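Asks: Pasting a structure here, questions to come.
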Amino acid sequence: MTLEDELGDIIQKARDGKAWSQDDLVRATNLPKDDIQRIESYQLTPEDSVVMNLAKTLGLDGPTLIDIAQE
């Protein structure tokens with residue numbers, strides 16, 4: 001798996017595509033900023049419900065994102 005296929009990279013690129021800061025994503029998802037930072041830096045693999053929340057908020061496919069997170 002290449003770096004571009006990692007959950008953190010996908011989340012960061014989707015967030016950047018919306019021109020959102022991490023703070024914007026925090027407000028949109030009600031997730032702690034520390035969690036967003038850790039997900040984007042590959043230090044946290046979130047639970048499926050969190051991945052689904054991120055996917056819905058960022059306009060990504062939830063089941064596909066869950067599969068990527070679990071690899």
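In the structure tokens, chains take letters A, B, ... by order of appearance, with residues numbered from 1 within each chain and ligands from 1 in the order shown.
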Find the residues near Asp67 of chain A: any atom within 10 Å, counting only C-alpha atoms, skip ones fewer than 5 places away on the same chain, and give them as a list in words.

Replies: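 In the requested format, the answer is Leu7, Asp48, Val51 and Gly62 of chain A.
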
Asks: Excluding same-chain residues fewer than 4 positions from segment 15-26 of chain A, what lies within 9 Å of it counting only C-alpha atoms, as a PyMOL selection string?

Replies: chain A and resi 10-11+30-33+36-37+54+57-58

Asks: How about saving the chosen residues, N, CA, C and O atoms kept, as a short mmCIF file (atom, residue, chain, number, x, y, z; two decimals), in the first residue's frame?

Replies:
data_model
loop_
_atom_site.label_atom_id
_atom_site.label_comp_id
_atom_site.auth_asym_id
_atom_site.auth_seq_id
_atom_site.Cartn_x
_atom_site.Cartn_y
_atom_site.Cartn_z
N ILE A 10 -5.70 10.26 2.95
CA ILE A 10 -7.00 10.46 2.29
C ILE A 10 -7.81 11.52 3.02
O ILE A 10 -8.40 12.41 2.39
N ILE A 11 -7.84 11.45 4.35
CA ILE A 11 -8.59 12.43 5.14
C ILE A 11 -8.01 13.82 4.94
O ILE A 11 -8.74 14.79 4.70
N ASN A 30 -17.48 17.05 15.20
CA ASN A 30 -17.51 16.98 16.67
C ASN A 30 -16.48 16.00 17.23
O ASN A 30 -16.66 15.46 18.33
N LEU A 31 -15.42 15.76 16.46
CA LEU A 31 -14.33 14.92 16.95
C LEU A 31 -13.28 15.82 17.61
O LEU A 31 -13.12 16.97 17.22
N PRO A 32 -12.56 15.27 18.59
CA PRO A 32 -11.49 16.06 19.20
C PRO A 32 -10.39 16.38 18.18
O PRO A 32 -10.05 15.53 17.35
N LYS A 33 -9.84 17.58 18.27
CA LYS A 33 -8.77 17.97 17.34
C LYS A 33 -7.59 17.02 17.44
O LYS A 33 -6.96 16.68 16.44
N ILE A 36 -8.14 14.11 15.19
CA ILE A 36 -7.93 14.45 13.77
C ILE A 36 -6.44 14.49 13.47
O ILE A 36 -5.97 13.93 12.48
N GLN A 37 -5.69 15.15 14.34
CA GLN A 37 -4.24 15.25 14.14
C GLN A 37 -3.60 13.87 14.14
O GLN A 37 -2.74 13.58 13.30
N LEU A 54 -16.40 10.73 9.36
CA LEU A 54 -15.45 11.47 8.52
C LEU A 54 -15.83 11.35 7.04
O LEU A 54 -15.82 12.34 6.31
N THR A 57 -18.93 13.43 6.23
CA THR A 57 -18.62 14.85 6.30
C THR A 57 -17.78 15.31 5.11
O THR A 57 -17.98 16.41 4.58
N LEU A 58 -16.87 14.45 4.66
CA LEU A 58 -15.94 14.82 3.59
C LEU A 58 -16.41 14.37 2.20
O LEU A 58 -15.72 14.59 1.21
#

Asks: Find the residues around Thr45 of chain A up to 9 Å (only C-alpha atoms counted), leave out those fewer than 2 positions away in its own chain, and share them as an mmCIF file with C-alpha atoms, in the first residue's frame.

Replies:
data_model
loop_
_atom_site.group_PDB
_atom_site.id
_atom_site.type_symbol
_atom_site.label_atom_id
_atom_site.label_comp_id
_atom_site.auth_asym_id
_atom_site.auth_seq_id
_atom_site.Cartn_x
_atom_site.Cartn_y
_atom_site.Cartn_z
ATOM 1 C CA LEU A 7 -6.380 6.733 5.816
ATOM 2 C CA GLY A 8 -4.561 9.776 7.178
ATOM 3 C CA ARG A 38 -3.429 11.668 15.150
ATOM 4 C CA ILE A 39 -5.484 10.189 12.279
ATOM 5 C CA TYR A 42 -1.007 7.795 11.083
ATOM 6 C CA GLN A 43 -0.930 7.523 14.880
ATOM 7 C CA GLU A 47 -13.357 3.057 15.107
ATOM 8 C CA VAL A 51 -14.509 6.654 9.889
ATOM 9 C CA ALA A 69 -8.463 2.017 7.699
ATOM 10 C CA GLN A 70 -8.445 -1.689 8.580
#

Asks: Would you return as a ChimeraX atom specification the members of chain A that DSSP assigns to helix (DSSP H, G or I) on this structure's backbone?

Replies: /A:3-5,7-17,22-29,33-40,48-58,62-70

Asks: Could you tell me which of A:Gln12, A:Thr64, A:Ser41, A:Asn53 comes closest to Thr29 of chain A if we count only C-alpha atoms?

Replies: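 Under the stated criterion, the closest residue is A:Asn53.
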
Asks: Tell me which of A:Ala14, A:Glu40, A:Arg27, A:Pro46 sits closest to Asp61 of chain A, counting only C-alpha atoms.

Replies: A:Ala14

Asks: Atom CA of Pro63 of chain A and atom CA of Val50 of chain A are how many Å apart?

Replies: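 Rounded to one decimal, the two atoms are 11.9 Å apart.
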